[in-house]
Structure formats: structure tokens, C-alpha cells
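**Q** Contents are PDB, C-alpha atoms; file name coords_28.pdb:
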MODEL        1
ATOM      1  CA  MET A 101     -25.686  11.828  15.806
ATOM      2  CA  ALA A 102     -24.815   8.457  14.261
ATOM      3  CA  LYS A 103     -21.190   7.531  14.475
ATOM      4  CA  ILE A 104     -18.667   6.246  11.974
ATOM      5  CA  LEU A 105     -15.959   3.892  13.234
ATOM      6  CA  VAL A 106     -12.647   4.049  11.355
ATOM      7  CA  VAL A 107     -10.508   0.937  11.904
ATOM      8  CA  ASP A 108      -6.896   0.942  10.703
ATOM      9  CA  ASP A 109      -3.579  -0.025  12.256
ATOM     10  CA  SER A 110      -1.911   2.913  10.510
ATOM     11  CA  SER A 111      -2.267   6.082  12.555
ATOM     12  CA  THR A 112      -1.596   8.029   9.371
ATOM     13  CA  VAL A 113      -4.685   6.568   7.712
ATOM     14  CA  ARG A 114      -6.811   6.807  10.862
ATOM     15  CA  ASP A 115      -5.934  10.472  11.240
ATOM     16  CA  GLU A 116      -6.432  11.221   7.554
ATOM     17  CA  VAL A 117      -9.829   9.524   7.256
ATOM     18  CA  ALA A 118     -11.207  10.499  10.668
ATOM     19  CA  GLY A 119      -9.928  14.055  10.274
ATOM     20  CA  PHE A 120     -11.577  14.437   6.887
ATOM     21  CA  LEU A 121     -14.912  13.071   8.120
ATOM     22  CA  ARG A 122     -14.885  15.208  11.270
ATOM     23  CA  LYS A 123     -14.051  18.277   9.222
ATOM     24  CA  ASN A 124     -17.186  17.540   7.243
ATOM     25  CA  GLY A 125     -19.378  17.364  10.316
ATOM     26  CA  LEU A 126     -19.497  13.624  10.929
ATOM     27  CA  ASP A 127     -19.088  12.002  14.325
ATOM     28  CA  VAL A 128     -16.130   9.609  14.224
ATOM     29  CA  ASP A 129     -14.468   7.130  16.536
ATOM     30  CA  THR A 130     -11.326   5.140  15.720
ATOM     31  CA  ALA A 131      -9.906   1.699  16.442
ATOM     32  CA  VAL A 132      -6.417   0.299  15.871
ATOM     33  CA  ASP A 133      -7.309  -3.209  14.680
ATOM     34  CA  GLY A 134     -10.234  -5.596  14.274
ATOM     35  CA  LYS A 135     -10.216  -6.636  17.908
ATOM     36  CA  ASP A 136     -10.351  -3.028  19.055
ATOM     37  CA  GLY A 137     -13.017  -2.344  16.422
ATOM     38  CA  LEU A 138     -15.260  -5.103  17.788
ATOM     39  CA  ALA A 139     -14.864  -3.759  21.329
ATOM     40  CA  LYS A 140     -15.701  -0.199  20.230
ATOM     41  CA  LEU A 141     -18.737  -1.444  18.321
ATOM     42  CA  LYS A 142     -20.007  -3.372  21.344
ATOM     43  CA  ALA A 143     -19.577  -0.302  23.541
ATOM     44  CA  SER A 144     -21.156   2.176  21.103
ATOM     45  CA  PRO A 145     -24.506   1.059  19.702
ATOM     46  CA  GLY A 146     -24.781   4.394  17.868
ATOM     47  CA  ILE A 147     -22.212   3.332  15.285
ATOM     48  CA  LYS A 148     -23.939   2.985  11.910
ATOM     49  CA  LEU A 149     -20.938   2.695   9.588
ATOM     50  CA  VAL A 150     -17.602   0.901   9.977
ATOM     51  CA  VAL A 151     -14.797   1.851   7.590
ATOM     52  CA  SER A 152     -12.044  -0.714   7.998
ATOM     53  CA  ASP A 153      -8.666  -1.763   6.654
ATOM     54  CA  VAL A 154      -8.233  -5.446   5.773
ATOM     55  CA  ASN A 155      -4.645  -6.288   6.740
ATOM     56  CA  MET A 156      -4.141  -5.531  10.408
ATOM     57  CA  PRO A 157      -2.389  -7.234  13.325
ATOM     58  CA  ASN A 158      -4.370  -9.085  16.033
ATOM     59  CA  MET A 159      -7.544  -9.302  13.943
ATOM     60  CA  ASP A 160      -7.918  -8.446  10.261
ATOM     61  CA  GLY A 161     -10.822  -6.458   8.893
ATOM     62  CA  LEU A 162     -12.609  -9.332   7.185
ATOM     63  CA  THR A 163     -12.542 -11.464  10.326
ATOM     64  CA  MET A 164     -13.918  -8.472  12.213
ATOM     65  CA  ALA A 165     -16.738  -8.157   9.646
ATOM     66  CA  GLU A 166     -17.555 -11.851  10.013
ATOM     67  CA  LYS A 167     -17.672 -11.485  13.805
ATOM     68  CA  ILE A 168     -19.871  -8.389  13.602
ATOM     69  CA  ARG A 169     -22.466 -10.377  11.647
ATOM     70  CA  GLY A 170     -21.878 -13.642  13.557
ATOM     71  CA  GLU A 171     -20.879 -13.185  17.189
ATOM     72  CA  LEU A 172     -22.436  -9.738  17.621
ATOM     73  CA  ALA A 173     -25.435 -10.646  15.424
ATOM     74  CA  ASN A 174     -25.334  -7.062  14.200
ATOM     75  CA  SER A 175     -26.835  -6.939  10.733
ATOM     76  CA  ALA A 176     -27.668  -3.244  10.882
ATOM     77  CA  VAL A 177     -24.246  -1.651  10.784
ATOM     78  CA  ASN A 178     -22.845  -0.905   7.325
ATOM     79  CA  ILE A 179     -19.281  -2.089   6.691
ATOM     80  CA  ILE A 180     -16.956  -0.608   4.069
ATOM     81  CA  MET A 181     -13.430  -1.911   3.530
ATOM     82  CA  LEU A 182     -10.686   0.655   2.834
ATOM     83  CA  THR A 183      -7.585  -1.266   1.822
ATOM     84  CA  THR A 184      -4.677  -1.709  -0.567
ATOM     85  CA  GLU A 185      -6.071  -5.195  -1.291
ATOM     86  CA  SER A 186      -8.040  -5.579  -4.492
ATOM     87  CA  SER A 187      -8.135  -9.327  -5.050
ATOM     88  CA  PRO A 188     -11.473 -10.743  -6.225
ATOM     89  CA  ALA A 189     -11.171 -13.535  -3.646
ATOM     90  CA  MET A 190     -10.927 -11.030  -0.803
ATOM     91  CA  LYS A 191     -13.882  -9.073  -2.143
ATOM     92  CA  GLU A 192     -15.910 -12.286  -2.354
ATOM     93  CA  ARG A 193     -15.053 -13.065   1.252
ATOM     94  CA  GLY A 194     -16.113  -9.545   2.138
ATOM     95  CA  LYS A 195     -19.424  -9.919   0.327
ATOM     96  CA  ALA A 196     -20.062 -13.206   2.107
ATOM     97  CA  ALA A 197     -19.396 -11.461   5.430
ATOM     98  CA  GLY A 198     -21.943  -8.772   4.638
ATOM     99  CA  VAL A 199     -19.504  -6.053   3.629
ATOM    100  CA  LYS A 200     -21.376  -3.316   1.799
ATOM    101  CA  GLY A 201     -18.554  -1.841  -0.278
ATOM    102  CA  TRP A 202     -14.864  -1.772  -1.082
ATOM    103  CA  ILE A 203     -12.427   1.114  -1.549
ATOM    104  CA  VAL A 204      -8.870   0.625  -2.769
ATOM    105  CA  LYS A 205      -6.484   3.062  -1.045
ATOM    106  CA  PRO A 206      -5.492   5.854  -1.238
ATOM    107  CA  PHE A 207      -8.517   7.439   0.426
ATOM    108  CA  LYS A 208     -10.179  10.171  -1.611
ATOM    109  CA  GLY A 209     -12.684  11.698   0.744
ATOM    110  CA  ASP A 210     -14.589  13.844  -1.720
ATOM    111  CA  ALA A 211     -15.420  10.760  -3.794
ATOM    112  CA  VAL A 212     -17.161   8.968  -0.927
ATOM    113  CA  LEU A 213     -18.374  11.639   1.483
ATOM    114  CA  GLU A 214     -22.021  11.695   0.432
ATOM    115  CA  THR A 215     -22.266   7.900   0.430
ATOM    116  CA  PHE A 216     -20.699   7.792   3.895
ATOM    117  CA  ARG A 217     -23.278  10.338   5.069
ATOM    118  CA  LYS A 218     -26.136   8.175   3.790
ATOM    119  CA  LEU A 219     -24.718   4.949   5.166
ATOM    120  CA  SER A 220     -24.167   6.487   8.599
ATOM    121  CA  SER A 221     -27.542   8.163   8.929
TER     122      SER A 221
ATOM    123  CA  MET B 128      12.631 -19.646 -13.031
ATOM    124  CA  ILE B 129      11.606 -16.121 -13.977
ATOM    125  CA  SER B 130      11.685 -15.319 -17.667
ATOM    126  CA  SER B 131      13.338 -12.115 -18.798
ATOM    127  CA  GLN B 132      10.031 -10.690 -19.927
ATOM    128  CA  ALA B 133       8.575 -11.452 -16.486
ATOM    129  CA  LYS B 134      11.528  -9.673 -14.816
ATOM    130  CA  ASP B 135      11.021  -6.733 -17.100
ATOM    131  CA  SER B 136       7.292  -6.781 -16.267
ATOM    132  CA  ILE B 137       7.936  -6.788 -12.513
ATOM    133  CA  GLU B 138      10.288  -3.860 -12.917
ATOM    134  CA  ARG B 139       7.798  -1.880 -15.002
ATOM    135  CA  ILE B 140       5.061  -2.598 -12.478
ATOM    136  CA  PHE B 141       7.366  -1.299  -9.733
ATOM    137  CA  TYR B 142       8.194   1.856 -11.715
ATOM    138  CA  LYS B 143       4.514   2.586 -12.272
ATOM    139  CA  ALA B 144       3.606   1.982  -8.634
ATOM    140  CA  ALA B 145       6.497   4.054  -7.289
ATOM    141  CA  GLN B 146       5.795   6.989  -9.571
ATOM    142  CA  ALA B 147       2.104   6.900  -8.683
ATOM    143  CA  ARG B 148       2.375   6.456  -4.925
ATOM    144  CA  LEU B 149       5.696   7.744  -3.560
ATOM    145  CA  PRO B 150       5.464  11.451  -4.453
ATOM    146  CA  MET B 151       3.533  13.439  -1.867
ATOM    147  CA  ALA B 152       2.154  15.867  -4.445
ATOM    148  CA  PRO B 153       1.128  15.460  -8.087
ATOM    149  CA  GLY B 154       3.776  16.982 -10.285
ATOM    150  CA  ASP B 155       6.684  16.217  -7.950
ATOM    151  CA  VAL B 156       9.667  14.893  -9.871
ATOM    152  CA  CYS B 157      10.045  11.143  -9.328
ATOM    153  CA  GLY B 158      13.224   9.806 -10.879
ATOM    154  CA  ILE B 159      13.984   6.088 -10.740
ATOM    155  CA  VAL B 160      17.196   4.422 -11.838
ATOM    156  CA  ALA B 161      18.303   0.834 -11.410
ATOM    157  CA  ILE B 162      21.509   0.936  -9.396
ATOM    158  CA  LYS B 163      22.401  -2.717  -9.605
ATOM    159  CA  PRO B 164      21.774  -5.376 -12.244
ATOM    160  CA  ASN B 165      19.563  -8.195 -11.018
ATOM    161  CA  SER B 166      21.108 -11.478 -10.005
ATOM    162  CA  ALA B 167      20.488 -13.083 -13.375
ATOM    163  CA  GLY B 168      22.576 -10.407 -15.048
ATOM    164  CA  ALA B 169      19.838  -8.303 -16.536
ATOM    165  CA  LYS B 170      21.038  -5.193 -18.298
ATOM    166  CA  ASP B 171      21.422  -2.108 -16.153
ATOM    167  CA  ARG B 172      18.531   0.123 -17.161
ATOM    168  CA  THR B 173      20.149   3.448 -16.372
ATOM    169  CA  GLU B 174      20.914   4.119 -20.004
ATOM    170  CA  GLY B 175      18.517   6.297 -21.912
ATOM    171  CA  LEU B 176      16.308   7.198 -18.995
ATOM    172  CA  THR B 177      14.662  10.572 -19.037
ATOM    173  CA  GLU B 178      13.391  12.798 -16.312
ATOM    174  CA  GLY B 179       9.772  12.352 -15.368
ATOM    175  CA  ARG B 180       7.122  13.716 -13.082
ATOM    176  CA  ALA B 181       4.808  11.887 -10.757
ATOM    177  CA  GLY B 182       1.978  10.281 -12.607
ATOM    178  CA  ASP B 183       3.323  10.675 -16.122
ATOM    179  CA  GLY B 184       4.815   7.198 -16.237
ATOM    180  CA  GLY B 185       8.258   8.419 -17.225
ATOM    181  CA  ALA B 186      11.520   7.179 -15.758
ATOM    182  CA  SER B 187      14.197   9.571 -14.699
ATOM    183  CA  ARG B 188      17.592  10.572 -13.467
ATOM    184  CA  ALA B 189      19.796   8.861 -10.956
ATOM    185  CA  GLY B 190      19.538   9.262  -7.213
ATOM    186  CA  LYS B 191      22.206   8.549  -4.634
ATOM    187  CA  PRO B 192      22.787   5.000  -3.438
ATOM    188  CA  GLN B 193      22.753   4.796   0.333
ATOM    189  CA  THR B 194      24.587   2.741   2.873
ATOM    190  CA  HIS B 195      22.819   0.036   4.834
ATOM    191  CA  THR B 196      22.174   2.080   7.948
ATOM    192  CA  GLY B 197      18.954   2.914   9.740
ATOM    193  CA  GLN B 198      15.751   1.052   8.969
ATOM    194  CA  VAL B 199      13.911  -0.168   5.914
ATOM    195  CA  VAL B 200      10.183  -0.624   5.406
ATOM    196  CA  VAL B 201       9.503  -4.154   4.209
ATOM    197  CA  LEU B 202       6.365  -5.482   2.526
ATOM    198  CA  THR B 203       5.708  -8.894   1.028
ATOM    199  CA  ILE B 204       3.422 -10.049  -1.760
ATOM    200  CA  SER B 205       3.019 -13.811  -1.720
ATOM    201  CA  GLY B 206       1.279 -16.387  -3.853
ATOM    202  CA  ILE B 207       1.666 -19.988  -4.939
ATOM    203  CA  LEU B 208       4.350 -19.214  -7.517
ATOM    204  CA  PHE B 209       6.460 -16.593  -5.802
ATOM    205  CA  ARG B 210       7.183 -14.323  -2.891
ATOM    206  CA  LEU B 211       8.074 -10.733  -3.692
ATOM    207  CA  MET B 212       9.632  -8.430  -1.125
ATOM    208  CA  LEU B 213       9.738  -4.684  -1.513
ATOM    209  CA  LEU B 214      12.193  -2.888   0.767
ATOM    210  CA  LEU B 215      12.200   0.891   0.908
ATOM    211  CA  HIS B 216      15.037   2.706   2.612
ATOM    212  CA  PHE B 217      14.217   6.274   3.618
ATOM    213  CA  ASN B 218      16.919   8.564   4.967
ATOM    214  CA  GLU B 219      15.700  10.332   8.063
ATOM    215  CA  ASP B 220      17.423  13.600   7.224
ATOM    216  CA  ASP B 221      15.737  17.000   7.428
ATOM    217  CA  SER B 222      14.741  17.207   3.767
ATOM    218  CA  THR B 223      13.217  13.711   3.763
ATOM    219  CA  ARG B 224      11.402  14.350   7.049
ATOM    220  CA  ASP B 225      10.110  17.703   5.811
ATOM    221  CA  TYR B 226       8.947  16.147   2.556
ATOM    222  CA  PHE B 227       6.929  13.340   4.123
ATOM    223  CA  VAL B 228       5.898  14.632   7.524
ATOM    224  CA  LYS B 229       5.052  18.235   6.575
ATOM    225  CA  ASP B 230       2.521  19.532   9.084
ATOM    226  CA  ASP B 231       1.304  16.119  10.209
ATOM    227  CA  ALA B 232       2.098  16.416  13.900
ATOM    228  CA  GLN B 233       0.031  13.370  14.865
ATOM    229  CA  SER B 234       1.991  10.686  13.015
ATOM    230  CA  THR B 235       5.645   9.782  13.381
ATOM    231  CA  PHE B 236       8.038   9.696  10.438
ATOM    232  CA  GLU B 237       8.087   5.878  10.643
ATOM    233  CA  GLU B 238       4.291   5.665  10.531
ATOM    234  CA  ILE B 239       4.068   7.968   7.541
ATOM    235  CA  VAL B 240       6.721   6.233   5.439
ATOM    236  CA  ALA B 241       5.241   2.850   6.375
ATOM    237  CA  GLU B 242       1.879   3.950   4.956
ATOM    238  CA  ILE B 243       3.467   5.463   1.831
ATOM    239  CA  SER B 244       5.297   2.158   1.304
ATOM    240  CA  ASN B 245       2.041   0.286   1.887
ATOM    241  CA  LEU B 246       0.370   2.304  -0.866
ATOM    242  CA  CYS B 247       3.279   1.683  -3.253
ATOM    243  CA  CYS B 248       3.291  -2.068  -2.629
ATOM    244  CA  GLY B 249      -0.514  -2.091  -2.812
ATOM    245  CA  ALA B 250      -0.347  -0.571  -6.284
ATOM    246  CA  MET B 251       2.111  -3.301  -7.314
ATOM    247  CA  ASN B 252      -0.170  -5.930  -5.820
ATOM    248  CA  GLN B 253      -3.116  -4.521  -7.739
ATOM    249  CA  GLU B 254      -1.226  -4.837 -11.046
ATOM    250  CA  LEU B 255       0.166  -8.291 -10.261
ATOM    251  CA  LEU B 256      -3.308  -9.582  -9.376
ATOM    252  CA  ARG B 257      -4.221  -9.307 -13.047
ATOM    253  CA  TYR B 258      -1.807 -12.145 -13.751
ATOM    254  CA  PHE B 259      -1.679 -13.999 -10.417
ATOM    255  CA  PRO B 260      -5.110 -13.991  -8.747
ATOM    256  CA  ASP B 261      -4.004 -15.801  -5.586
ATOM    257  CA  LEU B 262      -1.751 -13.067  -4.188
ATOM    258  CA  GLY B 263      -1.883 -11.681  -0.671
ATOM    259  CA  MET B 264       0.029  -8.756   0.791
ATOM    260  CA  SER B 265       1.569  -8.225   4.207
ATOM    261  CA  THR B 266       1.308  -5.184   6.426
ATOM    262  CA  PRO B 267       4.427  -2.973   6.403
ATOM    263  CA  TYR B 268       7.068  -3.726   8.978
ATOM    264  CA  MET B 269      10.405  -2.158   9.864
ATOM    265  CA  LEU B 270      13.720  -3.986   9.790
ATOM    266  CA  SER B 271      17.308  -2.883  10.182
ATOM    267  CA  ALA B 272      18.771  -1.888   6.830
ATOM    268  CA  GLN B 273      21.620  -4.246   7.609
ATOM    269  CA  CYS B 274      19.331  -7.063   6.476
ATOM    270  CA  VAL B 275      19.472  -5.918   2.852
ATOM    271  CA  PRO B 276      22.785  -7.572   1.874
ATOM    272  CA  HIS B 277      21.469 -10.861   3.292
ATOM    273  CA  LEU B 278      18.683 -11.012   0.705
ATOM    274  CA  GLU B 279      21.139 -12.835  -1.530
ATOM    275  CA  ASP B 280      21.141 -15.682   0.992
ATOM    276  CA  LEU B 281      17.528 -16.356  -0.041
ATOM    277  CA  LYS B 282      18.873 -17.223  -3.512
ATOM    278  CA  PRO B 283      16.324 -14.998  -5.211
ATOM    279  CA  SER B 284      15.454 -15.375  -8.869
ATOM    280  CA  TYR B 285      15.292 -11.604  -9.126
ATOM    281  CA  LEU B 286      17.084  -9.038  -7.019
ATOM    282  CA  SER B 287      17.477  -5.423  -8.006
ATOM    283  CA  SER B 288      17.861  -2.066  -6.298
ATOM    284  CA  TYR B 289      16.739   1.337  -7.478
ATOM    285  CA  ALA B 290      17.664   4.877  -6.576
ATOM    286  CA  ILE B 291      14.601   7.080  -6.390
ATOM    287  CA  GLN B 292      14.691  10.842  -6.264
ATOM    288  CA  LEU B 293      11.611  12.785  -5.187
ATOM    289  CA  GLY B 294      11.656  16.506  -5.784
ATOM    290  CA  ASP B 295      15.063  18.118  -5.566
ATOM    291  CA  SER B 296      16.534  16.561  -2.485
ATOM    292  CA  VAL B 297      14.768  13.421  -1.282
ATOM    293  CA  HIS B 298      16.525  10.136  -2.022
ATOM    294  CA  ILE B 299      15.093   6.689  -1.385
ATOM    295  CA  VAL B 300      16.563   3.310  -2.214
ATOM    296  CA  ALA B 301      14.137   0.530  -3.146
ATOM    297  CA  THR B 302      15.044  -3.126  -3.407
ATOM    298  CA  LEU B 303      12.923  -5.741  -5.125
ATOM    299  CA  CYS B 304      13.567  -9.373  -4.237
ATOM    300  CA  VAL B 305      11.569 -12.202  -5.816
ATOM    301  CA  CYS B 306      11.919 -15.828  -4.758
ATOM    302  CA  ALA B 307      10.186 -18.104  -7.245
ATOM    303  CA  ASP B 308       8.669 -21.470  -6.382
ATOM    304  CA  GLY B 309       7.825 -22.294  -9.992
ATOM    305  CA  PRO B 310       8.243 -20.967 -13.518
ATOM    306  CA  ILE B 311       7.051 -17.372 -13.912
ATOM    307  CA  ASP B 312       6.410 -15.938 -17.332
ATOM    308  CA  PHE B 313       4.089 -13.044 -18.075
ATOM    309  CA  VAL B 314       4.041  -9.736 -19.892
ATOM    310  CA  ALA B 315       2.546  -6.860 -17.947
ATOM    311  CA  ASP B 316       0.633  -4.164 -19.722
ATOM    312  CA  VAL B 317       1.231  -1.111 -17.587
ATOM    313  CA  THR B 318       0.115   1.364 -20.207
ATOM    314  CA  ALA B 319      -3.536   1.092 -19.236
ATOM    315  CA  VAL B 320      -4.685   4.052 -17.193
ATOM    316  CA  GLU B 321      -6.712   2.374 -14.501
ATOM    317  CA  GLU B 322      -7.438   4.763 -11.666
ATOM    318  CA  SER B 323     -10.105   2.959  -9.712
ATOM    319  CA  SER B 324      -8.370   3.591  -6.394
ATOM    320  CA  GLY B 325     -10.253   5.808  -3.989
ATOM    321  CA  GLU B 326     -13.627   5.005  -5.533
ATOM    322  CA  LEU B 327     -16.268   3.125  -3.608
ATOM    323  CA  GLU B 328     -17.371  -0.147  -5.181
ATOM    324  CA  LEU B 329     -20.743  -0.983  -3.690
ATOM    325  CA  PHE B 330     -21.752  -4.655  -3.484
TER     326      PHE B 330
ENDMDL
END
I need this file expressed as C-alpha cells, please.

**A**
Amino acid sequence: MAKILVVDDSSTVRDEVAGFLRKNGLDVDTAVDGKDGLAKLKASPGIKLVVSDVNMPNMDGLTMAEKIRGELANSAVNIIMLTTESSPAMKERGKAAGVKGWIVKPFKGDAVLETFRKLSS
Amino acid sequence: MISSQAKDSIERIFYKAAQARLPMAPGDVCGIVAIKPNSAGAKDRTEGLTEGRAGDGGASRAGKPQTHTGQVVVLTISGILFRLMLLLHFNEDDSTRDYFVKDDAQSTFEEIVAEISNLCCGAMNQELLRYFPDLGMSTPYMLSAQCVPHLEDLKPSYLSSYAIQLGDSVHIVATLCVCADGPIDFVADVTAVEESSGELELF
């Protein structure tokens, strides 16, 4: 089964999002920041969708997205940002880094579940 | 450097964000009362406030001011013109813990209130971005509550604290501190019902 990687420095958000997706039959792994997310992605080629926060210590989510496309040369994985940030400039940077979509927190699982299924299949 | 209508706008943006994001359940009472006039002598807004419920945009009754003990969650919104700090002081008593932690055994109280504070500040950031497109927001961090009185040392253009009551027994104190680097004048329209949060915007 294809995996979804949830990247957030908040354990509350990681647990909420990963728990909801697992409850709905999806295979989920988690990472605590962008650096950890990159390492998990390198180690698990089955990951098809990354759902990531933007503001995180060590490496932020947009830098991670840029490295996924650049350093890892991975253009196949879908990247969705899940963040309190909503600035147009950040979204533009996300688009330029190949981010597929943007969700402003709080997470409402029912609103995105089917799209997450498609993007992770 | 901050006009009175801008101060009023910041306060209304805070009220809207707090009432939308701090209650754990829709319909929970969320009362907010200014407990200290801001440094420029703005009128205390406790008069004429009415009780409200989460999400209805209403203000409400007074909560209990707290002493500067324990920890506060601090978040910063920064741009070219100003730096805004939001400090939220949660008592770690049984009723507050029960209200926020509930049956979430995986996260600590600190982690949960940090994320709640992050959502509240994020909602403020979202509103402020309409008027100041260059803003960025910090991650939440914890500081000793003893730092709160020292905010005045920053010589803020706006400093105000608020007592917030959630449900029947949960009391939080919020402090807003804005240091301006230039003239700030805007009028926020917080009446618009914009509930885009949680929806996926595909590029």
C-alpha cells in the first residue's frame, strides 16, 4: 500500500492527522521536521504523498519541498502543505517548489480524505 | 505610531481569532474582557460586553486575572512595519488540563496548548495578511510567565492583556504586545465570514 508521510513538529497535529488517516485505512508514517521528513522519504520509496507543516525547527516544510524536488530529484511524490500560514508569498514559493496544494489549519479530515486517497494511490 | 483605529482593529482581530480557535468544542462559552488598558491609554473595553459563545463573534464576561507564575506560550507575527507578540498563559489546574487534554494520552498538556495557541495566532495572521502582505509567523515556544511584566521594557506601541473564560471554569490570560517600526493605520473588517481553513487549495 502507498504511504502518506505526515511532517509536523507538533505531536498534537501529527497524532491528529496520522490517526485520522489510519482510521480511514491509509498507511501513514510521521516525521518531526523537514530534515526528518527528507530522511524518511529517502528510506521509504513507497511514500506517494507528503503532508507537511511549513514552520518547523531544523528545516521548514518549504525548504524540505525544494530539496525533495532538487536534491532527491523526486518529482513523483505529491506534496501538500498543512499550515497556519496563508500568505500569498509563501504559497507562491510552494508552487515554485512543486507543492501540489495548500491547507490552512485546523485540519478537517473529512474535507480532504478522498483527495488524499487519490494523491497517495 | 499605531493609530487608535489600528489598535482597535488589532484587538478585534484578536477577539475573532480567540473565539474561533481557543474553545475545544463549538458552542463552548468564550468570554473575553480586556483587563488592562493599553499603554497609550485606550479605554478599557470591559464596559457593555455581553456573553458569547464560540464562533458567534460576541464578546463576553470577565475572567480571572492570573499571577505571573508557570509558563506562557509565545508566538510572534513579524513584518516590515511591526512585530506582534501573542502570549497565552494557561493555568495547569485540573479543570484546564481536563478541558484541553481530554482523552489525548499521546500529547502532553504543553504540546496541546502550544498547538491551540498556534491556531489562534495563525487566525490572527490570516486576518492581518489582508492588510500587511509581508508577514511571517513564528512557531510557538514556551517562556516563563515572569517575562510578561518585562514586555514594557520593549517600549511597545500597544500592550494589552485579556482575561478569557472558556466554558464554566477555564481561565486563560492573553497578552498582545505590538512594537511598531513605522506608522500603522488600518481598519480591519472582521465581520466577513471567511472559513477557508481546513479546505484544500489545489495548485

**Q** Using all atoms listed in the file, find the residues of chain B whose closest atom to chain A is at most 9 Å away, then write them as an mmCIF file with C-alpha atoms, keeping the file's coordinate frame.

**A**
data_model
loop_
_atom_site.group_PDB
_atom_site.id
_atom_site.type_symbol
_atom_site.label_atom_id
_atom_site.label_comp_id
_atom_site.auth_asym_id
_atom_site.auth_seq_id
_atom_site.Cartn_x
_atom_site.Cartn_y
_atom_site.Cartn_z
ATOM 1 C CA ARG B 148 2.375 6.456 -4.925
ATOM 2 C CA ASP B 231 1.304 16.119 10.209
ATOM 3 C CA GLN B 233 0.031 13.370 14.865
ATOM 4 C CA SER B 234 1.991 10.686 13.015
ATOM 5 C CA THR B 235 5.645 9.782 13.381
ATOM 6 C CA GLU B 238 4.291 5.665 10.531
ATOM 7 C CA ILE B 239 4.068 7.968 7.541
ATOM 8 C CA ALA B 241 5.241 2.850 6.375
ATOM 9 C CA GLU B 242 1.879 3.950 4.956
ATOM 10 C CA ASN B 245 2.041 0.286 1.887
ATOM 11 C CA LEU B 246 0.370 2.304 -0.866
ATOM 12 C CA CYS B 248 3.291 -2.068 -2.629
ATOM 13 C CA GLY B 249 -0.514 -2.091 -2.812
ATOM 14 C CA ALA B 250 -0.347 -0.571 -6.284
ATOM 15 C CA ASN B 252 -0.170 -5.930 -5.820
ATOM 16 C CA GLN B 253 -3.116 -4.521 -7.739
ATOM 17 C CA LEU B 256 -3.308 -9.582 -9.376
ATOM 18 C CA ARG B 257 -4.221 -9.307 -13.047
ATOM 19 C CA PRO B 260 -5.110 -13.991 -8.747
ATOM 20 C CA ASP B 261 -4.004 -15.801 -5.586
ATOM 21 C CA LEU B 262 -1.751 -13.067 -4.188
ATOM 22 C CA GLY B 263 -1.883 -11.681 -0.671
ATOM 23 C CA MET B 264 0.029 -8.756 0.791
ATOM 24 C CA SER B 265 1.569 -8.225 4.207
ATOM 25 C CA THR B 266 1.308 -5.184 6.426
ATOM 26 C CA SER B 323 -10.105 2.959 -9.712
ATOM 27 C CA SER B 324 -8.370 3.591 -6.394
ATOM 28 C CA GLY B 325 -10.253 5.808 -3.989
ATOM 29 C CA GLU B 326 -13.627 5.005 -5.533
ATOM 30 C CA LEU B 327 -16.268 3.125 -3.608
ATOM 31 C CA GLU B 328 -17.371 -0.147 -5.181
ATOM 32 C CA LEU B 329 -20.743 -0.983 -3.690
ATOM 33 C CA PHE B 330 -21.752 -4.655 -3.484
#

**Q** Mind pulling up the distance from CA of Asp295 (chain B) to CA of Asp155 (chain B)?

**A** 8.9 Å

**Q** Point out the residue among B:Ser284, B:Ser271, B:Ser205, B:Thr302 with the least atom-to-atom distance to Ser131 (chain B), counting only C-alpha atoms.

**A**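 Between B:Ser284, B:Ser271, B:Ser205, B:Thr302, the residue approaching Ser131 (chain B) most closely is B:Ser284.
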
**Q** To test your reading of the syntax: which residues would the PyMOL selection byres ((chain A and resi 166-179) around 8) return for the file shown? Reply as a VMD selection string.

**A** chain A and resid 138 142 147 to 152 162 to 165 180 to 181 197 to 201 219 to 220

**Q** Starting from the shown file, work through the PyMOL selection byres ((chain B and resi 149) around 10) and note down what comes out as JSON, numbers by chain.

**A** {"B": [144, 145, 146, 147, 148, 150, 151, 152, 155, 157, 181, 227, 240, 243, 244, 245, 246, 247, 291, 292, 293, 299]}

**Q** Run the PyMOL selection byres ((chain B and resi 220) around 12) mentally over the shown coordinates, then write out the matched residues as a ChimeraX atom specification, using the chain letters and numbers from the document.

**A** /B:197,217-219,221-228,236,296-299

**Q** Can you measure CA of Leu211 (chain B) to CA of Met159 (chain A) for me? One decimal in Å is fine.

**A** 23.6 Å

**Q** Would you compute the distance between CA of Val200 (chain B) and CA of Leu215 (chain B)? Give it in Å to one decimal.

**A**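 Between CA of Val200 (chain B) and CA of Leu215 (chain B) the gap works out to 5.2 Å.
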